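Note sheet for the following structure.
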Amino acid sequence: MKIIVTGGAGFIGSNFIKMILADCSNIQKIVNLDLLTYAGNLANLKDVESDSRYHFIKGDITDYDTVEKIVSADKFDLIVNFAAESHVDRSIYDSRVFVHTNILGTQVLLDAAKRNKVNRFCQVSTDEVYGSLTDKEPSFTEDNPITPSSPYSASKAGADHLCLSYYHTHKLDVVITRCSNNYGPYQFPEKFIPLFISNAMDEKKLPLYGDGKNIRDWIHVLDHAAGVWSACINGKAGEVYNFGGGNEYGNIEIANKIVDILGKDNSLIELVRDRPGHDWRYAMDYTKATSELGWIPKFNFESGLKDTIEWYQENRAWWEEIKSGDYLNYYEKHYGK
Ligand code: NAD
Ligand code: TYD
């Protein structure tokens, strides 16, 4: 198989590339197209950079000529689109690049896939397109209405609609995956779990939004990567597949687990002003992925979190370099406490 992966230098894309190169014997070529924005990091891929099947191209998915040149250069079986602006707090501060990358970038890729007759297009989307759940509502299924509430999730929802429109109008073979919150190695430390781990390791405050009781459904990144691959291989054209970890926790519970595992004091946890429009709860019903793709999450959350914390302990240089940049405390910097 010949595959184009976009956004492969980010958290999930890099885990995905390493996983399929290690586990799938039929991979002839992977082209990783990534702009290396603040979130892209080639250090995430050092294990595979000498693999002759792997090729990196620095480029922008919104750039028509770049994308056309890459897609027309070979007969590709699959494009998997991970490239995106991915942080809700940043989308609240300035949504322009979210609309540009997440919507226009997806459209440019879809057009190139159509023109060049790529066999399949997989759009990596998110549970956040469904909006927010109350405590009593059942988990999201693929039939839930799309009611995104942040500029990030609205831009991802726009991209999902475009993908389905190319399926219906142009008969392009498209599958969409929607996944809950990921955790694991190589996650950029502006996101909740790696921010709290790395801050706690340095005895810095852990800024918990609102009352800390918002709920997320946590999934290990390798379970997500396996889900995306199963949708690419066994998914049906025009279909959406939900993936989740079945691990619903309030943010404060996660914060407490992190300080406990690290042996720190929970006085590090500090309640701060809430994120505007903060979605209350996400939870995924992944029955369809199990019955149609044979996928189930394999990671146990307690051990997965411990291993992730160990990874951040063993890879201090990786996140220290990132944190020395101007990337962190984004919310606090722009909204105050
Ligand atoms: P990330 O921010 O870690 O990585 C995004 C990658 O995209 C980076 O390598 C960046 O350089 C690249 N990129 C950004 N703009 C680009 C452009 N214009 N052209 C080419 N490359 C560009 O994100 P992530 O957490 O790995 O998420 C990957 C995908 O999965 C996103 O589409 C996101 O919406 C989706 N997703 C993420 C989660 C999660 O919990 N992180 C959950 C569900 C879905
Ligand atoms: P995040 O990792 O930004 O993912 P998302 O908003 O896409 O779910 O945040 C996960 C949860 O953690 C969310 O409810 C917001 C909360 N959060 C904090 O309380 N403090 C923080 O510093 C961050 C980054 C997130």
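How things are named: the first chain in the structure tokens is A, the next is B, and so on; residues count from 1 in each chain; ligands count from 1 in the order shown.
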- request: Show me which residues sit within 7 Å of ligand 2 when counting only C-alpha atoms and all ligand atoms, and put them as a PyMOL selection string.
  value: chain A and resi 87-89+181+190-193+195+206-209+212+214-216+251+278-279
Taking only C-alpha atoms and all ligand atoms into account, which residues are within 7 Å of ligand 1, as a PDB file with N, CA and C atoms, in the first residue's frame?
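Just written: out14.pdb:
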```pdb
ATOM      1  N   THR A   6      -1.184  13.079   6.449  1.00  0.00           N
ATOM      2  CA  THR A   6      -0.931  14.500   6.715  1.00  0.00           C
ATOM      3  C   THR A   6      -0.903  14.724   8.222  1.00  0.00           C
ATOM      4  N   GLY A   7      -0.101  15.689   8.655  1.00  0.00           N
ATOM      5  CA  GLY A   7      -0.013  15.956  10.094  1.00  0.00           C
ATOM      6  C   GLY A   7       0.680  14.839  10.853  1.00  0.00           C
ATOM      7  N   GLY A   8       1.539  14.112  10.150  1.00  0.00           N
ATOM      8  CA  GLY A   8       2.199  12.960  10.763  1.00  0.00           C
ATOM      9  C   GLY A   8       3.317  13.306  11.737  1.00  0.00           C
ATOM     10  N   ALA A   9       3.635  14.596  11.869  1.00  0.00           N
ATOM     11  CA  ALA A   9       4.656  14.975  12.860  1.00  0.00           C
ATOM     12  C   ALA A   9       4.014  15.422  14.176  1.00  0.00           C
ATOM     13  N   GLY A  10       2.683  15.352  14.237  1.00  0.00           N
ATOM     14  CA  GLY A  10       1.996  15.709  15.481  1.00  0.00           C
ATOM     15  C   GLY A  10       1.867  14.499  16.398  1.00  0.00           C
ATOM     16  N   PHE A  11       1.086  14.660  17.432  1.00  0.00           N
ATOM     17  CA  PHE A  11       0.937  13.634  18.474  1.00  0.00           C
ATOM     18  C   PHE A  11       0.365  12.327  17.907  1.00  0.00           C
ATOM     19  N   ILE A  12      -0.835  12.392  17.352  1.00  0.00           N
ATOM     20  CA  ILE A  12      -1.501  11.139  16.951  1.00  0.00           C
ATOM     21  C   ILE A  12      -0.922  10.624  15.633  1.00  0.00           C
ATOM     22  N   GLY A  13      -0.671  11.541  14.697  1.00  0.00           N
ATOM     23  CA  GLY A  13      -0.133  11.123  13.400  1.00  0.00           C
ATOM     24  C   GLY A  13       1.197  10.401  13.538  1.00  0.00           C
ATOM     25  N   LEU A  33       3.110  14.398   4.996  1.00  0.00           N
ATOM     26  CA  LEU A  33       3.051  15.816   4.625  1.00  0.00           C
ATOM     27  C   LEU A  33       2.673  16.622   5.858  1.00  0.00           C
ATOM     28  N   ASP A  34       3.623  17.436   6.331  1.00  0.00           N
ATOM     29  CA  ASP A  34       3.372  18.187   7.570  1.00  0.00           C
ATOM     30  C   ASP A  34       4.040  19.555   7.460  1.00  0.00           C
ATOM     31  N   LEU A  35       3.334  20.570   7.898  1.00  0.00           N
ATOM     32  CA  LEU A  35       3.859  21.938   7.819  1.00  0.00           C
ATOM     33  C   LEU A  35       4.855  22.250   8.938  1.00  0.00           C
ATOM     34  N   LEU A  36       4.928  21.380   9.929  1.00  0.00           N
ATOM     35  CA  LEU A  36       5.756  21.632  11.125  1.00  0.00           C
ATOM     36  C   LEU A  36       5.374  22.974  11.744  1.00  0.00           C
ATOM     37  N   THR A  37       4.117  23.102  12.093  1.00  0.00           N
ATOM     38  CA  THR A  37       3.667  24.263  12.863  1.00  0.00           C
ATOM     39  C   THR A  37       4.243  24.106  14.271  1.00  0.00           C
ATOM     40  N   TYR A  38       3.814  24.957  15.193  1.00  0.00           N
ATOM     41  CA  TYR A  38       4.298  24.848  16.575  1.00  0.00           C
ATOM     42  C   TYR A  38       4.101  23.428  17.131  1.00  0.00           C
ATOM     43  N   ALA A  39       3.080  22.707  16.605  1.00  0.00           N
ATOM     44  CA  ALA A  39       2.734  21.393  17.163  1.00  0.00           C
ATOM     45  C   ALA A  39       3.455  20.236  16.467  1.00  0.00           C
ATOM     46  N   GLY A  40       4.076  20.509  15.333  1.00  0.00           N
ATOM     47  CA  GLY A  40       4.745  19.436  14.601  1.00  0.00           C
ATOM     48  C   GLY A  40       6.193  19.307  15.049  1.00  0.00           C
ATOM     49  N   ASN A  41       6.670  18.074  15.190  1.00  0.00           N
ATOM     50  CA  ASN A  41       8.005  17.876  15.741  1.00  0.00           C
ATOM     51  C   ASN A  41       8.620  16.613  15.138  1.00  0.00           C
ATOM     52  N   GLY A  59       5.280  20.714   4.098  1.00  0.00           N
ATOM     53  CA  GLY A  59       4.378  21.435   3.203  1.00  0.00           C
ATOM     54  C   GLY A  59       3.026  21.647   3.854  1.00  0.00           C
ATOM     55  N   ASP A  60       2.236  22.492   3.188  1.00  0.00           N
ATOM     56  CA  ASP A  60       0.974  22.973   3.755  1.00  0.00           C
ATOM     57  C   ASP A  60      -0.196  22.310   3.036  1.00  0.00           C
ATOM     58  N   ILE A  61      -1.097  21.692   3.782  1.00  0.00           N
ATOM     59  CA  ILE A  61      -2.248  21.035   3.133  1.00  0.00           C
ATOM     60  C   ILE A  61      -3.191  22.039   2.473  1.00  0.00           C
ATOM     61  N   THR A  62      -3.066  23.320   2.801  1.00  0.00           N
ATOM     62  CA  THR A  62      -3.950  24.311   2.164  1.00  0.00           C
ATOM     63  C   THR A  62      -3.369  24.805   0.837  1.00  0.00           C
ATOM     64  N   ASN A  81      -5.985  12.013   6.794  1.00  0.00           N
ATOM     65  CA  ASN A  81      -5.796  13.425   7.143  1.00  0.00           C
ATOM     66  C   ASN A  81      -5.864  13.681   8.652  1.00  0.00           C
ATOM     67  N   PHE A  82      -4.671  13.739   9.253  1.00  0.00           N
ATOM     68  CA  PHE A  82      -4.564  14.120  10.672  1.00  0.00           C
ATOM     69  C   PHE A  82      -4.281  15.620  10.813  1.00  0.00           C
ATOM     70  N   ALA A  83      -3.774  16.261   9.756  1.00  0.00           N
ATOM     71  CA  ALA A  83      -3.291  17.650   9.894  1.00  0.00           C
ATOM     72  C   ALA A  83      -4.420  18.564  10.326  1.00  0.00           C
ATOM     73  N   ALA A  84      -4.177  19.338  11.367  1.00  0.00           N
ATOM     74  CA  ALA A  84      -5.202  20.256  11.868  1.00  0.00           C
ATOM     75  C   ALA A  84      -4.590  21.167  12.919  1.00  0.00           C
ATOM     76  N   GLU A  85      -5.267  22.257  13.157  1.00  0.00           N
ATOM     77  CA  GLU A  85      -5.074  22.989  14.408  1.00  0.00           C
ATOM     78  C   GLU A  85      -5.967  22.276  15.408  1.00  0.00           C
ATOM     79  N   SER A  86      -5.415  21.933  16.579  1.00  0.00           N
ATOM     80  CA  SER A  86      -6.109  20.963  17.429  1.00  0.00           C
ATOM     81  C   SER A  86      -6.430  21.432  18.842  1.00  0.00           C
ATOM     82  N   HIS A  87      -6.069  22.677  19.201  1.00  0.00           N
ATOM     83  CA  HIS A  87      -6.260  23.052  20.610  1.00  0.00           C
ATOM     84  C   HIS A  87      -7.411  24.045  20.790  1.00  0.00           C
ATOM     85  N   THR A 101      -6.880  26.005   8.036  1.00  0.00           N
ATOM     86  CA  THR A 101      -6.266  24.668   7.958  1.00  0.00           C
ATOM     87  C   THR A 101      -7.314  23.560   7.964  1.00  0.00           C
ATOM     88  N   GLY A 105      -7.948  23.262   4.174  1.00  0.00           N
ATOM     89  CA  GLY A 105      -6.948  22.199   3.972  1.00  0.00           C
ATOM     90  C   GLY A 105      -7.617  20.881   3.610  1.00  0.00           C
ATOM     91  N   VAL A 124      -9.690  12.232   9.914  1.00  0.00           N
ATOM     92  CA  VAL A 124      -9.587  11.969  11.353  1.00  0.00           C
ATOM     93  C   VAL A 124     -10.293  13.107  12.090  1.00  0.00           C
ATOM     94  N   SER A 125     -11.466  12.793  12.612  1.00  0.00           N
ATOM     95  CA  SER A 125     -12.283  13.823  13.260  1.00  0.00           C
ATOM     96  C   SER A 125     -12.406  13.543  14.756  1.00  0.00           C
ATOM     97  N   THR A 126     -13.344  14.200  15.375  1.00  0.00           N
ATOM     98  CA  THR A 126     -13.376  14.234  16.833  1.00  0.00           C
ATOM     99  C   THR A 126     -14.797  14.115  17.375  1.00  0.00           C
ATOM    100  N   ASP A 127     -14.910  13.613  18.601  1.00  0.00           N
ATOM    101  CA  ASP A 127     -16.220  13.571  19.279  1.00  0.00           C
ATOM    102  C   ASP A 127     -16.784  14.978  19.502  1.00  0.00           C
ATOM    103  N   LYS A 156     -13.822  21.452  12.592  1.00  0.00           N
ATOM    104  CA  LYS A 156     -13.735  20.012  12.307  1.00  0.00           C
ATOM    105  C   LYS A 156     -15.070  19.508  11.744  1.00  0.00           C
ATOM    106  N   ARG A 178     -14.277   9.432  14.329  1.00  0.00           N
ATOM    107  CA  ARG A 178     -14.458  10.446  15.386  1.00  0.00           C
ATOM    108  C   ARG A 178     -14.045   9.820  16.704  1.00  0.00           C
ATOM    109  N   CYS A 179     -13.093  10.449  17.359  1.00  0.00           N
ATOM    110  CA  CYS A 179     -12.519   9.847  18.565  1.00  0.00           C
ATOM    111  C   CYS A 179     -12.602  10.802  19.746  1.00  0.00           C
ATOM    112  N   SER A 180     -12.589  10.216  20.933  1.00  0.00           N
ATOM    113  CA  SER A 180     -12.602  11.012  22.171  1.00  0.00           C
ATOM    114  C   SER A 180     -11.181  11.490  22.511  1.00  0.00           C
ATOM    115  N   ASN A 181     -11.009  12.069  23.699  1.00  0.00           N
ATOM    116  CA  ASN A 181      -9.722  12.658  24.098  1.00  0.00           C
ATOM    117  C   ASN A 181      -8.615  11.613  24.204  1.00  0.00           C
ATOM    118  N   ASN A 182      -7.516  11.861  23.512  1.00  0.00           N
ATOM    119  CA  ASN A 182      -6.360  10.953  23.531  1.00  0.00           C
ATOM    120  C   ASN A 182      -5.370  11.336  24.632  1.00  0.00           C
ATOM    121  N   TYR A 183      -4.663  10.319  25.140  1.00  0.00           N
ATOM    122  CA  TYR A 183      -3.503  10.580  26.002  1.00  0.00           C
ATOM    123  C   TYR A 183      -2.422   9.584  25.580  1.00  0.00           C
ATOM    124  N   GLN A 187       2.420  13.706  23.350  1.00  0.00           N
ATOM    125  CA  GLN A 187       1.339  14.705  23.255  1.00  0.00           C
ATOM    126  C   GLN A 187       1.888  16.066  23.639  1.00  0.00           C
ATOM    127  N   PHE A 188       1.579  17.051  22.832  1.00  0.00           N
ATOM    128  CA  PHE A 188       2.100  18.405  23.027  1.00  0.00           C
ATOM    129  C   PHE A 188       1.649  18.942  24.396  1.00  0.00           C
TER     130      PHE A 188
END
```
For A:Trp280: contacts at 10 Å, only C-alpha atoms, fewer than 4 positions along chain excluded, given as a short mmCIF file (atom, residue, chain, number, x, y, z; two decimals) with C-alpha atoms, in the first residue's frame:
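Generated file (around.cif):
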```
data_model
loop_
_atom_site.label_atom_id
_atom_site.label_comp_id
_atom_site.auth_asym_id
_atom_site.auth_seq_id
_atom_site.Cartn_x
_atom_site.Cartn_y
_atom_site.Cartn_z
CA GLY A 131 -21.26 19.14 21.03
CA SER A 132 -21.69 18.52 24.74
CA LEU A 133 -23.57 15.93 26.84
CA THR A 134 -25.31 16.39 30.18
CA ASP A 135 -24.55 13.87 32.95
CA LYS A 213 -15.84 18.58 37.13
CA ASN A 214 -16.10 18.57 33.32
CA ILE A 215 -15.94 15.01 32.01
CA ARG A 216 -13.87 13.57 29.18
CA GLY A 250 -13.94 14.36 35.79
#
```
I need the residues of stretch 147-288 of chain A that end up classed as strand (DSSP E) by DSSP on the backbone, written out as a compact mmCIF listing (two decimals) with N, CA, C and O atoms, in the first residue's frame.
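Saved as selection06.txt:
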```txt
# COMPACT_ATOMS: atom_id res chain seq x y z
N VAL A 174 -14.81 7.91 1.00
CA VAL A 174 -14.41 8.64 2.21
C VAL A 174 -14.87 7.86 3.44
O VAL A 174 -15.99 7.34 3.46
N VAL A 175 -14.01 7.75 4.46
CA VAL A 175 -14.47 7.31 5.78
C VAL A 175 -14.06 8.37 6.80
O VAL A 175 -13.03 9.04 6.63
N ILE A 176 -14.90 8.53 7.82
CA ILE A 176 -14.61 9.52 8.87
C ILE A 176 -14.49 8.78 10.20
O ILE A 176 -15.34 7.95 10.53
N THR A 177 -13.43 9.09 10.94
CA THR A 177 -13.31 8.55 12.30
C THR A 177 -13.52 9.69 13.28
O THR A 177 -13.03 10.80 13.06
N ARG A 178 -14.28 9.43 14.33
CA ARG A 178 -14.46 10.45 15.39
C ARG A 178 -14.04 9.82 16.70
O ARG A 178 -14.58 8.79 17.10
N CYS A 179 -13.09 10.45 17.36
CA CYS A 179 -12.52 9.85 18.57
C CYS A 179 -12.60 10.80 19.75
O CYS A 179 -12.64 12.03 19.59
N ASN A 181 -11.01 12.07 23.70
CA ASN A 181 -9.72 12.66 24.10
C ASN A 181 -8.61 11.61 24.20
O ASN A 181 -8.74 10.64 24.94
N ASN A 182 -7.52 11.86 23.51
CA ASN A 182 -6.36 10.95 23.53
C ASN A 182 -5.37 11.34 24.63
O ASN A 182 -5.22 12.51 24.96
N TYR A 183 -4.66 10.32 25.14
CA TYR A 183 -3.50 10.58 26.00
C TYR A 183 -2.42 9.58 25.58
O TYR A 183 -2.71 8.58 24.91
N LEU A 206 -1.23 23.58 38.69
CA LEU A 206 -2.01 22.86 37.70
C LEU A 206 -3.33 23.60 37.53
O LEU A 206 -4.22 23.50 38.39
N PRO A 207 -3.49 24.39 36.45
CA PRO A 207 -4.67 25.25 36.31
C PRO A 207 -5.90 24.49 35.84
O PRO A 207 -6.04 24.15 34.67
N LEU A 208 -6.81 24.22 36.77
CA LEU A 208 -8.01 23.44 36.47
C LEU A 208 -9.16 24.40 36.18
O LEU A 208 -9.50 25.23 37.03
N TYR A 209 -9.75 24.27 35.00
CA TYR A 209 -10.78 25.23 34.58
C TYR A 209 -12.09 25.00 35.35
O TYR A 209 -12.54 23.86 35.52
N ILE A 215 -16.28 16.44 32.23
CA ILE A 215 -15.94 15.01 32.01
C ILE A 215 -15.45 14.78 30.58
O ILE A 215 -16.04 15.28 29.62
N ARG A 216 -14.39 14.00 30.47
CA ARG A 216 -13.87 13.57 29.18
C ARG A 216 -13.74 12.05 29.20
O ARG A 216 -13.57 11.45 30.27
N ASP A 217 -13.79 11.45 28.01
CA ASP A 217 -13.67 9.99 27.85
C ASP A 217 -12.28 9.72 27.27
O ASP A 217 -12.04 9.98 26.09
N TRP A 218 -11.36 9.23 28.10
CA TRP A 218 -9.94 9.15 27.70
C TRP A 218 -9.62 7.85 27.00
O TRP A 218 -10.02 6.77 27.43
N ILE A 219 -8.85 7.97 25.92
CA ILE A 219 -8.43 6.79 25.14
C ILE A 219 -6.92 6.88 24.89
O ILE A 219 -6.40 7.97 24.61
N HIS A 220 -6.25 5.74 24.97
CA HIS A 220 -4.81 5.74 24.68
C HIS A 220 -4.61 5.98 23.18
O HIS A 220 -5.35 5.44 22.34
N VAL A 240 -19.28 6.86 9.07
CA VAL A 240 -18.59 7.49 10.20
C VAL A 240 -18.42 6.42 11.28
O VAL A 240 -19.33 5.61 11.50
N TYR A 241 -17.26 6.40 11.93
CA TYR A 241 -17.01 5.45 13.02
C TYR A 241 -16.55 6.18 14.27
O TYR A 241 -15.58 6.94 14.22
N ASN A 242 -17.25 5.93 15.37
CA ASN A 242 -16.85 6.51 16.66
C ASN A 242 -15.83 5.62 17.37
O ASN A 242 -15.96 4.39 17.35
N PHE A 243 -14.87 6.25 18.04
CA PHE A 243 -13.90 5.53 18.88
C PHE A 243 -13.81 6.21 20.24
O PHE A 243 -13.77 7.45 20.30
N GLU A 248 -14.57 7.44 31.38
CA GLU A 248 -15.09 8.78 31.69
C GLU A 248 -14.60 9.21 33.07
O GLU A 248 -14.86 8.52 34.06
N TYR A 249 -13.91 10.34 33.10
CA TYR A 249 -13.44 10.88 34.39
C TYR A 249 -13.64 12.39 34.41
O TYR A 249 -13.48 13.06 33.38
N GLY A 250 -13.95 12.91 35.59
CA GLY A 250 -13.94 14.36 35.79
C GLY A 250 -12.49 14.83 35.74
O GLY A 250 -11.57 14.09 36.14
N ILE A 269 -2.90 21.80 42.65
CA ILE A 269 -4.08 21.98 41.79
C ILE A 269 -4.78 23.29 42.16
O ILE A 269 -5.08 23.52 43.33
N GLU A 270 -5.00 24.13 41.14
CA GLU A 270 -5.57 25.44 41.40
C GLU A 270 -6.78 25.65 40.47
O GLU A 270 -6.64 25.53 39.25
N LEU A 271 -7.95 25.95 41.05
CA LEU A 271 -9.11 26.24 40.20
C LEU A 271 -8.95 27.63 39.60
O LEU A 271 -8.65 28.59 40.31
N VAL A 272 -9.12 27.73 38.28
CA VAL A 272 -8.99 29.02 37.59
C VAL A 272 -10.27 29.30 36.80
O VAL A 272 -11.11 28.42 36.67
```
query: Looking at only C-alpha atoms, which of A:Ala225, A:Pro297, A:Ile146, A:Ala159 is the one that sits closest to A:Asn15?
result: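 Ranked by minimum distance to A:Asn15, first place goes to A:Ala225.
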task: Per DSSP on the backbone, filter stretch 137-336 of chain A down to the residues in alpha helix (DSSP H) and report them as a ChimeraX atom specification.
output: /A:151-170,192-201,221-234,251-262,287-293,301-314,316-323,330-335
Distance table requested - stretch 169-286 of chain A against stretch 301-310 of chain A, cut-off 9 Å, only C-alpha atoms: one row per qualifying residue with the closest atom pair and its distance in Å to one decimal, ordered by chain and rising residue number, as a tab-separated table.
```
residue	atom	partner	partner_atom	distance
A:Tyr183	CA	A:Thr308	CA	7.7
A:Gly184	CA	A:Thr308	CA	5.2
A:Pro185	CA	A:Thr308	CA	5.8
A:Pro194	CA	A:Ile309	CA	8.2
A:Ile197	CA	A:Ile309	CA	6.6
A:Ser198	CA	A:Ile309	CA	8.7
A:Trp218	CA	A:Phe301	CA	7.7
A:Ile219	CA	A:Phe301	CA	7.6
A:His220	CA	A:Gly304	CA	6.9
A:Gly245	CA	A:Phe301	CA	8.2
A:Asn247	CA	A:Phe301	CA	6.9
A:Lys257	CA	A:Leu305	CA	8.7
A:Ile258	CA	A:Ile309	CA	7.8
A:Ile261	CA	A:Lys306	CA	7.0
A:Leu262	CA	A:Ile309	CA	7.9
```
query: If you count only C-alpha atoms, which residues fall within 10 Å of A:Met19, apart from same-chain ones fewer than 5 positions away, as a ChimeraX atom specification?
result: /A:13-14,24,222,225-226,229
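Our summary of the geometry notes that atom CA of A:Pro151 is positioned 7.5 Å from atom CA of A:Phe98.
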task: Would you please work out which residue, of A:Ala200, A:Val31, A:Ala255, A:Val80, is nearest to A:Ile57 when using only C-alpha atoms?
output: A:Val31
Distance criterion (only C-alpha atoms): nearest to A:Val71 out of A:Asn256, A:Asn119, A:Ser165, A:Asn234: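 Residue with the minimum atom-to-atom distance to A:Val71: A:Asn119.
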